[in-house]
Structure formats: C-alpha cells, structure tokens
>>> print(open('model-v8.cif').read())   # mmCIF, C-alpha atoms
data_model
loop_
_atom_site.label_atom_id
_atom_site.label_comp_id
_atom_site.auth_asym_id
_atom_site.auth_seq_id
_atom_site.Cartn_x
_atom_site.Cartn_y
_atom_site.Cartn_z
CA MET R 1 19.89 50.03 2.76
CA LYS R 2 18.07 48.25 -0.07
CA ALA R 3 19.18 48.93 -3.65
CA SER R 4 15.69 50.14 -4.54
CA VAL R 5 15.91 52.81 -1.82
CA LYS R 6 19.30 53.93 -3.13
CA TYR R 7 17.93 54.14 -6.67
CA LYS R 8 15.05 56.25 -5.39
CA VAL R 9 17.46 58.71 -3.71
CA ILE R 10 19.59 58.92 -6.85
CA TYR R 11 16.52 59.57 -8.99
CA ARG R 12 15.32 62.28 -6.61
CA HIS R 13 18.67 64.14 -6.84
CA ARG R 14 19.44 63.43 -10.50
CA GLU R 15 19.26 67.13 -11.47
CA LYS R 16 21.68 68.20 -8.74
CA TYR R 17 24.40 65.54 -8.85
CA SER R 18 26.04 63.32 -11.43
CA ILE R 19 24.35 59.93 -11.85
CA SER R 20 27.73 58.21 -12.15
CA GLU R 21 29.06 59.80 -8.95
CA MET R 22 25.94 58.94 -6.96
CA CYS R 23 25.99 55.34 -8.20
CA ARG R 24 29.66 55.11 -7.16
CA PHE R 25 28.89 56.68 -3.78
CA PHE R 26 26.01 54.28 -3.05
CA GLY R 27 27.83 51.27 -4.44
CA VAL R 28 25.28 50.42 -7.14
CA SER R 29 25.65 49.98 -10.87
CA ARG R 30 24.46 52.50 -13.45
CA SER R 31 22.72 49.71 -15.39
CA GLY R 32 20.82 48.76 -12.24
CA TYR R 33 19.77 52.36 -11.72
CA TYR R 34 18.59 52.81 -15.31
CA GLY R 35 16.71 49.51 -15.07
CA TYR R 36 14.95 50.89 -12.00
CA VAL R 37 14.06 54.09 -13.87
CA LYS R 38 12.68 52.04 -16.76
CA ARG R 39 10.53 49.97 -14.43
CA MET R 40 9.12 53.10 -12.83
CA GLY R 41 6.84 53.51 -15.81
CA THR R 42 5.41 50.01 -15.33
CA PRO R 43 2.94 49.46 -12.48
CA ALA R 44 3.99 46.77 -10.03
CA LYS R 45 2.27 43.43 -10.59
CA ASP R 46 0.32 43.57 -7.35
CA LEU R 47 -0.04 47.34 -7.07
CA ALA R 48 -3.71 47.58 -8.07
CA LEU R 49 -4.70 44.85 -5.62
CA ALA R 50 -2.51 46.39 -2.91
CA GLU R 51 -4.25 49.75 -3.33
CA LYS R 52 -7.68 48.13 -2.86
CA ILE R 53 -6.44 46.25 0.21
CA ARG R 54 -5.06 49.51 1.61
CA GLU R 55 -8.47 51.07 1.07
CA CYS R 56 -10.07 48.19 2.95
CA GLN R 57 -7.62 48.43 5.84
CA THR R 58 -8.21 52.18 6.07
CA GLU R 59 -11.95 51.60 6.38
CA CYS R 60 -11.56 48.89 9.02
CA ARG R 61 -8.69 50.63 10.86
CA SER R 62 -6.34 47.77 9.98
CA THR R 63 -8.33 45.26 12.03
CA TYR R 64 -9.04 42.79 9.19
CA GLY R 65 -7.01 39.66 8.64
CA TYR R 66 -6.64 38.33 5.11
CA ARG R 67 -9.86 36.28 5.28
CA ARG R 68 -11.99 39.34 6.02
CA VAL R 69 -10.08 41.36 3.44
CA HIS R 70 -10.83 38.58 0.94
CA ILE R 71 -14.56 38.88 1.72
CA TRP R 72 -14.40 42.69 1.45
CA LEU R 73 -12.73 42.43 -1.97
CA GLU R 74 -15.39 40.00 -3.22
CA ARG R 75 -18.07 42.50 -2.20
CA GLN R 76 -16.29 45.01 -4.43
CA GLY R 77 -16.36 42.52 -7.31
CA ILE R 78 -12.63 41.77 -7.01
CA TYR R 79 -11.85 38.04 -6.98
CA HIS R 80 -8.48 36.63 -5.92
CA ASP R 81 -7.27 33.49 -4.23
CA PRO R 82 -7.20 34.10 -0.44
CA LYS R 83 -3.52 33.10 -0.44
CA THR R 84 -2.81 35.83 -3.00
CA VAL R 85 -4.48 38.36 -0.72
CA LEU R 86 -2.29 37.19 2.19
CA ARG R 87 0.87 37.38 0.06
CA VAL R 88 0.14 40.95 -1.07
CA MET R 89 -0.72 42.02 2.48
CA ASN R 90 2.64 40.63 3.61
CA LYS R 91 4.49 42.23 0.71
CA TYR R 92 3.12 45.71 1.38
CA SER R 93 3.07 45.44 5.21
CA MET R 94 -0.71 45.61 5.50
CA LEU R 95 -1.37 42.81 7.95
CA SER R 96 -3.85 43.39 10.74
CA VAL R 97 -2.51 45.32 13.72
CA ILE R 98 -4.70 43.17 15.99
CA ARG R 99 -2.82 40.35 17.70
CA ARG R 100 -3.31 37.22 15.64
CA LYS R 101 -4.61 34.27 17.63
CA ARG R 102 -3.21 30.80 17.18
CA TYR R 103 -6.69 29.28 17.05
CA VAL R 104 -10.09 30.81 16.47
CA LYS R 105 -12.75 29.55 18.81
CA TYR R 106 -16.16 28.76 17.32
CA GLY R 107 -19.08 27.75 19.50
CA GLU R 108 -18.74 26.75 23.12
CA ALA R 109 -15.68 24.54 22.81
CA LEU R 110 -12.76 23.77 20.56
CA HIS R 111 -12.49 20.02 20.01
CA ARG R 112 -9.42 18.16 18.80
CA TYR R 113 -9.23 14.45 18.26
CA PRO R 114 -6.48 11.81 18.12
CA ASN R 115 -5.11 10.83 14.72
CA LEU R 116 -6.82 7.44 14.46
CA LEU R 117 -6.14 7.15 10.74
CA ASN R 118 -2.40 7.83 11.14
CA ARG R 119 -1.80 7.59 7.37
CA ASN R 120 -3.19 4.06 7.22
CA PHE R 121 -5.29 4.67 4.12
CA VAL R 122 -6.36 1.03 3.62
CA ALA R 123 -9.92 -0.06 4.49
CA ASP R 124 -11.18 -3.64 4.06
CA ARG R 125 -14.87 -2.76 3.83
CA PRO R 126 -17.11 0.20 2.95
CA ASN R 127 -17.91 2.78 5.64
CA GLN R 128 -14.94 1.87 7.77
CA LYS R 129 -12.74 4.91 7.06
CA TRP R 130 -13.94 8.21 5.62
CA VAL R 131 -11.89 11.34 4.94
CA THR R 132 -13.34 14.81 4.54
CA ASP R 133 -12.11 18.25 3.50
CA ILE R 134 -13.12 21.55 1.87
CA SER R 135 -11.72 23.17 -1.26
CA TYR R 136 -12.71 26.12 -3.41
CA ILE R 137 -13.62 26.52 -7.07
CA ARG R 138 -12.91 29.86 -8.75
CA THR R 139 -15.79 31.31 -10.81
CA GLY R 140 -16.60 34.65 -12.36
CA GLN R 141 -18.92 35.29 -9.42
CA GLY R 142 -16.37 34.44 -6.75
CA PHE R 143 -15.30 31.27 -4.96
CA LEU R 144 -17.61 28.29 -4.59
CA TYR R 145 -16.67 26.05 -1.65
CA LEU R 146 -16.94 22.28 -2.01
CA ALA R 147 -16.99 19.84 0.91
CA VAL R 148 -16.64 16.12 0.25
CA ILE R 149 -16.58 12.85 2.18
CA ARG R 150 -14.54 10.09 0.53
CA ASP R 151 -14.60 6.41 1.46
CA LEU R 152 -11.11 4.90 1.58
CA TYR R 153 -12.40 1.41 0.74
CA ASP R 154 -13.21 2.23 -2.89
CA ASN R 155 -12.27 5.95 -3.05
CA SER R 156 -15.88 6.83 -3.89
CA ILE R 157 -17.37 10.18 -2.98
CA VAL R 158 -20.00 9.28 -0.41
CA ALA R 159 -21.45 12.78 -0.15
CA TYR R 160 -20.67 16.35 -1.19
CA LYS R 161 -22.16 19.80 -0.78
CA THR R 162 -21.32 23.26 -2.11
CA SER R 163 -21.77 26.76 -0.73
CA THR R 164 -20.71 30.30 -1.54
CA GLN R 165 -19.46 30.58 2.05
CA GLN R 166 -17.00 28.41 3.94
CA THR R 167 -19.11 27.75 7.02
CA ILE R 168 -19.69 25.09 9.66
CA HIS R 169 -23.09 24.47 8.07
CA LEU R 170 -21.38 23.29 4.86
CA VAL R 171 -19.55 20.55 6.77
CA LEU R 172 -22.59 19.53 8.79
CA SER R 173 -24.86 19.28 5.74
CA THR R 174 -22.27 17.08 3.97
CA LEU R 175 -22.07 14.76 6.97
CA ARG R 176 -25.88 14.57 7.21
CA ALA R 177 -26.08 13.67 3.52
CA ALA R 178 -23.51 10.88 4.00
CA LYS R 179 -25.36 9.50 7.03
CA LYS R 180 -28.65 9.55 5.13
CA LYS R 181 -27.11 7.65 2.22
CA GLU R 182 -24.89 5.11 3.99
CA LYS R 183 -25.13 2.68 6.89
CA VAL R 184 -22.93 4.00 9.67
CA THR R 185 -21.52 1.73 12.38
CA ALA R 186 -19.62 2.47 15.56
CA GLU R 187 -16.37 1.41 13.86
CA LEU R 188 -16.51 4.26 11.31
CA GLN R 189 -13.60 6.73 11.49
CA LEU R 190 -14.06 10.18 9.93
CA HIS R 191 -10.73 11.92 9.36
CA SER R 192 -10.28 15.66 8.79
CA ASP R 193 -7.75 18.45 9.21
CA GLN R 194 -7.88 20.97 12.05
CA GLY R 195 -10.05 23.51 10.23
CA PHE R 196 -12.42 25.51 12.43
CA GLN R 197 -15.43 23.64 11.04
CA TYR R 198 -14.07 20.32 12.30
CA THR R 199 -13.06 21.59 15.75
CA SER R 200 -16.45 23.23 16.34
CA GLN R 201 -18.97 22.23 18.98
CA ALA R 202 -21.61 21.59 16.30
CA TYR R 203 -19.38 19.09 14.47
CA PHE R 204 -18.54 17.36 17.77
CA LYS R 205 -22.22 16.99 18.67
CA LEU R 206 -23.18 15.63 15.24
CA THR R 207 -20.44 12.99 15.17
CA GLN R 208 -21.41 11.95 18.69
CA ALA R 209 -25.08 11.69 17.69
CA TYR R 210 -24.15 9.48 14.71
CA GLY R 211 -21.73 7.33 16.73
CA ILE R 212 -18.83 8.27 14.43
CA LYS R 213 -15.24 8.36 15.69
CA PRO R 214 -13.61 11.66 14.61
CA SER R 215 -9.94 11.51 13.63
CA MET R 216 -7.80 14.56 13.04
CA SER R 217 -4.52 15.40 11.28
CA ARG R 218 -1.56 16.70 13.21
CA ARG R 219 -1.32 20.44 12.90
CA GLY R 220 0.70 21.65 9.93
CA ASN R 221 1.06 18.16 8.43
CA PRO R 222 -0.65 18.00 5.00
CA TYR R 223 0.12 14.32 4.41
CA ASP R 224 -2.28 13.12 7.11
CA ASN R 225 -5.30 14.09 4.99
CA ALA R 226 -3.71 13.41 1.62
CA LEU R 227 -6.51 11.20 0.28
CA ALA R 228 -9.13 13.94 0.67
CA GLU R 229 -6.86 16.52 -0.97
CA ASN R 230 -5.99 14.02 -3.71
CA PHE R 231 -9.61 13.97 -4.89
CA PHE R 232 -9.66 17.76 -5.22
CA SER R 233 -6.51 17.55 -7.33
CA ILE R 234 -8.14 14.99 -9.63
CA LEU R 235 -11.36 17.01 -9.90
CA LYS R 236 -9.56 20.25 -10.75
CA THR R 237 -7.11 18.68 -13.20
CA GLU R 238 -9.65 16.60 -15.10
CA CYS R 239 -12.59 19.02 -14.96
CA ILE R 240 -12.35 22.46 -13.36
CA TYR R 241 -9.09 23.71 -14.92
CA ARG R 242 -10.23 22.73 -18.42
CA THR R 243 -12.75 25.56 -18.67
CA LYS R 244 -13.28 29.11 -17.47
CA ILE R 245 -16.27 28.97 -15.14
CA ALA R 246 -18.50 32.03 -15.21
CA THR R 247 -21.16 31.35 -12.58
CA PHE R 248 -21.87 29.37 -9.43
CA ALA R 249 -24.59 27.48 -11.32
CA GLU R 250 -22.10 26.39 -13.98
CA ALA R 251 -19.62 25.26 -11.31
CA ASN R 252 -22.31 23.22 -9.55
CA ARG R 253 -23.31 21.57 -12.82
CA LEU R 254 -19.69 20.63 -13.61
CA ILE R 255 -19.15 19.25 -10.10
CA ASP R 256 -22.36 17.17 -10.28
CA GLU R 257 -21.43 15.76 -13.68
CA TYR R 258 -17.84 14.99 -12.74
CA ILE R 259 -18.58 13.29 -9.42
CA TYR R 260 -21.16 11.08 -11.15
CA PHE R 261 -18.53 10.22 -13.78
CA TYR R 262 -15.90 9.66 -11.07
CA ASN R 263 -18.09 7.31 -9.00
CA TYR R 264 -19.80 5.36 -11.77
CA GLN R 265 -17.62 5.53 -14.90
CA ARG R 266 -14.00 6.44 -14.13
CA ILE R 267 -11.87 3.26 -14.01
CA GLN R 268 -9.21 3.13 -11.29
CA THR R 269 -5.89 1.71 -12.44
CA LYS R 270 -5.26 -0.16 -9.19
CA THR R 271 -8.51 -2.16 -9.15
CA LYS R 272 -9.46 -1.88 -12.86
CA LEU R 273 -12.97 -1.11 -11.60
CA THR R 274 -14.99 2.04 -11.02
CA PRO R 275 -15.49 2.96 -7.34
CA LEU R 276 -19.14 1.87 -7.38
CA GLU R 277 -18.32 -1.44 -9.12
CA LEU R 278 -15.90 -2.24 -6.32
CA ARG R 279 -18.44 -1.13 -3.73
CA CYS R 280 -21.12 -3.38 -5.19
CA GLN R 281 -18.76 -6.37 -5.08
CA SER R 282 -18.40 -5.94 -1.31
CA VAL R 283 -22.12 -6.47 -0.72
CA VAL R 284 -22.57 -9.44 -3.03
#
>>> encode(input="model-v8.cif", output="structure tokens")
Amino acid sequence: MKASVKYKVIYRHREKYSISEMCRFFGVSRSGYYGYVKRMGTPAKDLALAEKIRECQTECRSTYGYRRVHIWLERQGIYHDPKTVLRVMNKYSMLSVIRRKRYVKYGEALHRYPNLLNRNFVADRPNQKWVTDISYIRTGQGFLYLAVIRDLYDNSIVAYKTSTQQTIHLVLSTLRAAKKKEKVTAELQLHSDQGFQYTSQAYFKLTQAYGIKPSMSRRGNPYDNALAENFFSILKTECIYRTKIATFAEANRLIDEYIYFYNYQRIQTKTKLTPLELRCQSVV
C-alpha cells in the first residue's frame, strides 16, 4: 500500500483513533503524515489540467488518445505541450481504453524506406542530401507547426512552411516549395523520420514524381535525423525562446526573419561562411 493511501486512511479516522498509534500501525512517520495534511490544502500541480482531460474523456467515452485530447484542449483555449498532456493522462490513468495501434495508417498504403543516409551527414555538392522534419512553436493562440528541408552540403534551409495543423499537406507543400526553388537530380536523397506524413501514400507519390530517393530513420532512433532536429534547436535557442509569442502571425514573422538571417547572415564556425556564401562558391 502506498504511503499516500495510508495517510488518507489516517486522516479519515483522525477523530476516532490516535494519530501516533495509527502511524505506528501503518509503519509511517508522523512528520510524513503531517506533511501530507499540509499539502492537502495545495492543489496538485497538474490537477487543473487533469480535471479538463477527465472532462474530455467523459465526453468522448475515453476513446481519445493524447493527440485528440490535445486538440480538444486547444478548442477550449487551453494550450499545453502534447507531451505534457500525455504525461498527465498517464499520471491520472486517463489513457484511451481503445487498443492503441503500433502504426496509424494514412491513405492507401504505409511506406517505409531504407536508411540511405545512415548518419553520413557529409555532402560534397548542393542538392545531394536533404533532411526534413516538423517541429512546433508555442504561441498564445496555440501551436504553430513548422516543416523544414535542410541541405547537408551547406546546412541551408532550402524550403519551409508553417501551419496551425500537423498534416500531410504541410509536408507536401514544403517539398513542392523546395522542388520549385532547387534543381533536383535522381541522386538526391531526402531523409526523414517515420512520422505518418512521411509514410503516407501522398508523400510516396510526390517523391516518385520528383525522382527523389526517400530515406528514413530507424524507428525509435533520434540520432538518424539529428541534423534536421539540430536546426530546430538553433532556431528556438537563438530566436523563439527569447520572446513570448502571442499570435501565429508574430511567430511566422519571427520564423521568416530568422531563417533569412540563418541562410544569408549567420556565419558557421566550421566554414567561416554563411550557408548561402558556401552554396554560391559551389556554382562558381
């Protein structure tokens, strides 16, 4: 029996029996019990969020996983990191009662690709190896999702798009923007993780139409796509975390300004050049 349960029993019978005797009987200390009583007047850190999640699960008959709960909360004007929602659902035993599937199937087929990149992050020319990923930016209006494609030759951001929803369309529009901007050859590898957007039929068809070779990280291995995630870390450290963003429009403006600075003005210590300076050298 957990100590907290014992403290609860002692508290419930405090008028009938001696506190000292009950603590001795249950094998707990009096100081621990009185600490529990003191904390009773302080709401648990996650209690307010847990109550809203419980309300959501009551409405949906406990069929929502944390992603749908996260969407439901945003519709109520309550904004939390999706991982926080999952943690609280675990803590208060509010996970979906529906059997969780290992993979979610989007479209007609679920495509996985060999790991062509295999942590070889060196490219000897532009548009030889691209990496792509999605991250989120917290704002006062909710989460803004950012998809990027990064060229491993010069670490430049080839293309990026944002959306208030994490959809397949976000990935496809980013890839279309990159194709429109850059010359793509049959040797181009495009590496991603195993997110549903990248295993979708629509993504498969678009890469095939462009003659791009998809490459994919091994499941559960974050290091395979480290260079895509590294850019998000730089962006958030040097830009996003330095201000409290109120709106989607403000987030988009900051992202536009920073990526321009990153590509054209930010000197890389390894090359002592900006990404676009190094890129221009390759075509001279």
>>> resolve_selection(input="model-v8.cif", expression="the PyMOL selection byres ((chain R and resi 202) around 8)", output="PyMOL selection string")
chain R and resi 107+168+172+200-201+203-206
>>> residues_around(input="model-v8.cif", residues="R:Tyr260", least_positions_apart="5", cutoff="10 Å", atoms="all atoms listed in the file", output="PyMOL selection string")
chain R and resi 156-157+254-255+265-266
>>> resolve_selection(input="model-v8.cif", expression="the PyMOL selection byres ((chain R and resi 153) around 8)", output="NGL selection string")
:R and (122-129 or 151-152 or 154-156 or 279)
>>> write_last_selection(input="model-v8.cif", atoms="C-alpha atoms", output="mmCIF file, in the coordinates of the input")
data_model
loop_
_atom_site.group_PDB
_atom_site.id
_atom_site.type_symbol
_atom_site.label_atom_id
_atom_site.label_comp_id
_atom_site.auth_asym_id
_atom_site.auth_seq_id
_atom_site.Cartn_x
_atom_site.Cartn_y
_atom_site.Cartn_z
ATOM 1 C CA VAL R 122 -6.360 1.030 3.620
ATOM 2 C CA ALA R 123 -9.920 -0.060 4.490
ATOM 3 C CA ASP R 124 -11.180 -3.640 4.060
ATOM 4 C CA ARG R 125 -14.870 -2.760 3.830
ATOM 5 C CA PRO R 126 -17.110 0.200 2.950
ATOM 6 C CA ASN R 127 -17.910 2.780 5.640
ATOM 7 C CA GLN R 128 -14.940 1.870 7.770
ATOM 8 C CA LYS R 129 -12.740 4.910 7.060
ATOM 9 C CA ASP R 151 -14.600 6.410 1.460
ATOM 10 C CA LEU R 152 -11.110 4.900 1.580
ATOM 11 C CA ASP R 154 -13.210 2.230 -2.890
ATOM 12 C CA ASN R 155 -12.270 5.950 -3.050
ATOM 13 C CA SER R 156 -15.880 6.830 -3.890
ATOM 14 C CA ARG R 279 -18.440 -1.130 -3.730
#
>>> atom_distance(input="model-v8.cif", atom1="atom CA of R:Gly35", atom2="atom CA of R:Lys52")
27.3 Å
>>> residues_around(input="model-v8.cif", residues="R:Pro214", least_positions_apart="4", cutoff="9 Å", atoms="only C-alpha atoms", output="VMD selection string")
chain R and resid 112 to 116 188 to 192 198 204 207 to 208
>>> closest_residue(input="model-v8.cif", among="R:Phe143, R:Tyr64, R:Tyr7, R:Tyr92", to="R:Ala246", atoms="all atoms listed in the file")
R:Phe143
>>> closest_residue(input="model-v8.cif", among="R:Val9, R:Leu110, R:Glu238, R:Arg176", to="R:Gln197", atoms="only C-alpha atoms")
R:Leu110
>>> residues_near_point(input="model-v8.cif", point="(-0.6, 41.1, 0.5)", cutoff="12 Å", atoms="only C-alpha atoms", output="ChimeraX atom specification")
/R:45-54,57,65-67,69-70,80-96
>>> axis_aligned_box(input="model-v8.cif", around="stretch 51-58 of chain R", padding_each_side="3 Å", output="AutoDock Vina command-line options")
--center_x -7.2 --center_y 49.2 --center_z 1.4 --size_x 11.8 --size_y 11.9 --size_z 15.4
>>> decode(input="model-v8.cif", residues="stretch 18-30 of chain R", atoms="all heavy atoms", output="PDB file, in the first residue's frame")
ATOM      1  N   SER R  18      -5.892   7.552  17.760  1.00  0.00           N
ATOM      2  CA  SER R  18      -4.711   8.384  17.972  1.00  0.00           C
ATOM      3  C   SER R  18      -3.860   8.411  16.699  1.00  0.00           C
ATOM      4  O   SER R  18      -3.619   7.365  16.083  1.00  0.00           O
ATOM      5  CB  SER R  18      -3.889   7.818  19.133  1.00  0.00           C
ATOM      6  OG  SER R  18      -2.577   8.323  19.113  1.00  0.00           O
ATOM      7  N   ILE R  19      -3.402   9.615  16.334  1.00  0.00           N
ATOM      8  CA  ILE R  19      -2.554   9.762  15.148  1.00  0.00           C
ATOM      9  C   ILE R  19      -1.272   8.950  15.302  1.00  0.00           C
ATOM     10  O   ILE R  19      -0.846   8.246  14.388  1.00  0.00           O
ATOM     11  CB  ILE R  19      -2.206  11.248  14.906  1.00  0.00           C
ATOM     12  CG1 ILE R  19      -3.471  12.086  14.684  1.00  0.00           C
ATOM     13  CG2 ILE R  19      -1.244  11.394  13.720  1.00  0.00           C
ATOM     14  CD1 ILE R  19      -4.229  11.733  13.441  1.00  0.00           C
ATOM     15  N   SER R  20      -0.673   9.039  16.504  1.00  0.00           N
ATOM     16  CA  SER R  20       0.584   8.330  16.756  1.00  0.00           C
ATOM     17  C   SER R  20       0.413   6.829  16.610  1.00  0.00           C
ATOM     18  O   SER R  20       1.255   6.139  15.996  1.00  0.00           O
ATOM     19  CB  SER R  20       1.107   8.657  18.158  1.00  0.00           C
ATOM     20  OG  SER R  20       1.400  10.038  18.267  1.00  0.00           O
ATOM     21  N   GLU R  21      -0.677   6.292  17.162  1.00  0.00           N
ATOM     22  CA  GLU R  21      -0.916   4.847  17.099  1.00  0.00           C
ATOM     23  C   GLU R  21      -1.162   4.394  15.656  1.00  0.00           C
ATOM     24  O   GLU R  21      -0.688   3.335  15.237  1.00  0.00           O
ATOM     25  CB  GLU R  21      -2.096   4.471  17.988  1.00  0.00           C
ATOM     26  CG  GLU R  21      -1.790   4.600  19.474  1.00  0.00           C
ATOM     27  CD  GLU R  21      -2.999   4.243  20.320  1.00  0.00           C
ATOM     28  OE1 GLU R  21      -4.062   3.920  19.733  1.00  0.00           O
ATOM     29  OE2 GLU R  21      -2.885   4.293  21.558  1.00  0.00           O
ATOM     30  N   MET R  22      -1.909   5.179  14.902  1.00  0.00           N
ATOM     31  CA  MET R  22      -2.184   4.797  13.511  1.00  0.00           C
ATOM     32  C   MET R  22      -0.910   4.869  12.668  1.00  0.00           C
ATOM     33  O   MET R  22      -0.689   4.011  11.804  1.00  0.00           O
ATOM     34  CB  MET R  22      -3.279   5.699  12.922  1.00  0.00           C
ATOM     35  CG  MET R  22      -4.677   5.393  13.443  1.00  0.00           C
ATOM     36  SD  MET R  22      -5.994   6.220  12.493  1.00  0.00           S
ATOM     37  CE  MET R  22      -5.769   7.923  13.038  1.00  0.00           C
ATOM     38  N   CYS R  23      -0.080   5.882  12.919  1.00  0.00           N
ATOM     39  CA  CYS R  23       1.186   5.974  12.180  1.00  0.00           C
ATOM     40  C   CYS R  23       2.069   4.768  12.493  1.00  0.00           C
ATOM     41  O   CYS R  23       2.712   4.203  11.588  1.00  0.00           O
ATOM     42  CB  CYS R  23       1.925   7.261  12.548  1.00  0.00           C
ATOM     43  SG  CYS R  23       1.189   8.758  11.839  1.00  0.00           S
ATOM     44  N   ARG R  24       2.075   4.361  13.791  1.00  0.00           N
ATOM     45  CA  ARG R  24       2.865   3.198  14.187  1.00  0.00           C
ATOM     46  C   ARG R  24       2.308   1.933  13.543  1.00  0.00           C
ATOM     47  O   ARG R  24       3.051   1.080  13.063  1.00  0.00           O
ATOM     48  CB  ARG R  24       2.851   3.082  15.722  1.00  0.00           C
ATOM     49  CG  ARG R  24       3.895   2.110  16.267  1.00  0.00           C
ATOM     50  CD  ARG R  24       3.888   2.070  17.796  1.00  0.00           C
ATOM     51  NE  ARG R  24       4.087   3.388  18.371  1.00  0.00           N
ATOM     52  CZ  ARG R  24       3.161   4.066  19.068  1.00  0.00           C
ATOM     53  NH1 ARG R  24       1.968   3.527  19.269  1.00  0.00           N
ATOM     54  NH2 ARG R  24       3.418   5.248  19.559  1.00  0.00           N
ATOM     55  N   PHE R  25       0.977   1.820  13.502  1.00  0.00           N
ATOM     56  CA  PHE R  25       0.329   0.639  12.940  1.00  0.00           C
ATOM     57  C   PHE R  25       0.631   0.505  11.437  1.00  0.00           C
ATOM     58  O   PHE R  25       0.922  -0.582  10.936  1.00  0.00           O
ATOM     59  CB  PHE R  25      -1.188   0.722  13.160  1.00  0.00           C
ATOM     60  CG  PHE R  25      -1.956  -0.401  12.518  1.00  0.00           C
ATOM     61  CD1 PHE R  25      -2.040  -1.647  13.141  1.00  0.00           C
ATOM     62  CD2 PHE R  25      -2.587  -0.229  11.293  1.00  0.00           C
ATOM     63  CE1 PHE R  25      -2.739  -2.689  12.539  1.00  0.00           C
ATOM     64  CE2 PHE R  25      -3.283  -1.262  10.702  1.00  0.00           C
ATOM     65  CZ  PHE R  25      -3.363  -2.502  11.322  1.00  0.00           C
ATOM     66  N   PHE R  26       0.581   1.640  10.732  1.00  0.00           N
ATOM     67  CA  PHE R  26       0.796   1.606   9.280  1.00  0.00           C
ATOM     68  C   PHE R  26       2.277   1.710   8.895  1.00  0.00           C
ATOM     69  O   PHE R  26       2.634   1.614   7.709  1.00  0.00           O
ATOM     70  CB  PHE R  26       0.024   2.744   8.594  1.00  0.00           C
ATOM     71  CG  PHE R  26      -1.450   2.472   8.473  1.00  0.00           C
ATOM     72  CD1 PHE R  26      -2.360   3.190   9.239  1.00  0.00           C
ATOM     73  CD2 PHE R  26      -1.928   1.498   7.605  1.00  0.00           C
ATOM     74  CE1 PHE R  26      -3.725   2.948   9.137  1.00  0.00           C
ATOM     75  CE2 PHE R  26      -3.292   1.250   7.492  1.00  0.00           C
ATOM     76  CZ  PHE R  26      -4.197   1.967   8.265  1.00  0.00           C
ATOM     77  N   GLY R  27       3.123   1.922   9.868  1.00  0.00           N
ATOM     78  CA  GLY R  27       4.552   1.977   9.582  1.00  0.00           C
ATOM     79  C   GLY R  27       4.985   3.232   8.848  1.00  0.00           C
ATOM     80  O   GLY R  27       5.886   3.178   7.998  1.00  0.00           O
ATOM     81  N   VAL R  28       4.350   4.363   9.164  1.00  0.00           N
ATOM     82  CA  VAL R  28       4.726   5.639   8.553  1.00  0.00           C
ATOM     83  C   VAL R  28       5.075   6.627   9.657  1.00  0.00           C
ATOM     84  O   VAL R  28       4.700   6.453  10.809  1.00  0.00           O
ATOM     85  CB  VAL R  28       3.578   6.208   7.675  1.00  0.00           C
ATOM     86  CG1 VAL R  28       3.311   5.308   6.483  1.00  0.00           C
ATOM     87  CG2 VAL R  28       2.301   6.408   8.494  1.00  0.00           C
ATOM     88  N   SER R  29       5.793   7.669   9.276  1.00  0.00           N
ATOM     89  CA  SER R  29       6.201   8.650  10.280  1.00  0.00           C
ATOM     90  C   SER R  29       5.129   9.709  10.478  1.00  0.00           C
ATOM     91  O   SER R  29       4.351  10.009   9.558  1.00  0.00           O
ATOM     92  CB  SER R  29       7.512   9.320   9.852  1.00  0.00           C
ATOM     93  OG  SER R  29       7.289  10.103   8.690  1.00  0.00           O
ATOM     94  N   ARG R  30       5.115  10.298  11.677  1.00  0.00           N
ATOM     95  CA  ARG R  30       4.159  11.371  11.962  1.00  0.00           C
ATOM     96  C   ARG R  30       4.488  12.603  11.112  1.00  0.00           C
ATOM     97  O   ARG R  30       3.586  13.284  10.632  1.00  0.00           O
ATOM     98  CB  ARG R  30       4.205  11.749  13.450  1.00  0.00           C
ATOM     99  CG  ARG R  30       3.646  10.667  14.374  1.00  0.00           C
ATOM    100  CD  ARG R  30       3.731  11.107  15.825  1.00  0.00           C
ATOM    101  NE  ARG R  30       2.924  12.297  16.058  1.00  0.00           N
ATOM    102  CZ  ARG R  30       3.114  13.160  17.059  1.00  0.00           C
ATOM    103  NH1 ARG R  30       4.130  12.973  17.897  1.00  0.00           N
ATOM    104  NH2 ARG R  30       2.327  14.198  17.214  1.00  0.00           N
TER     105      ARG R  30
END
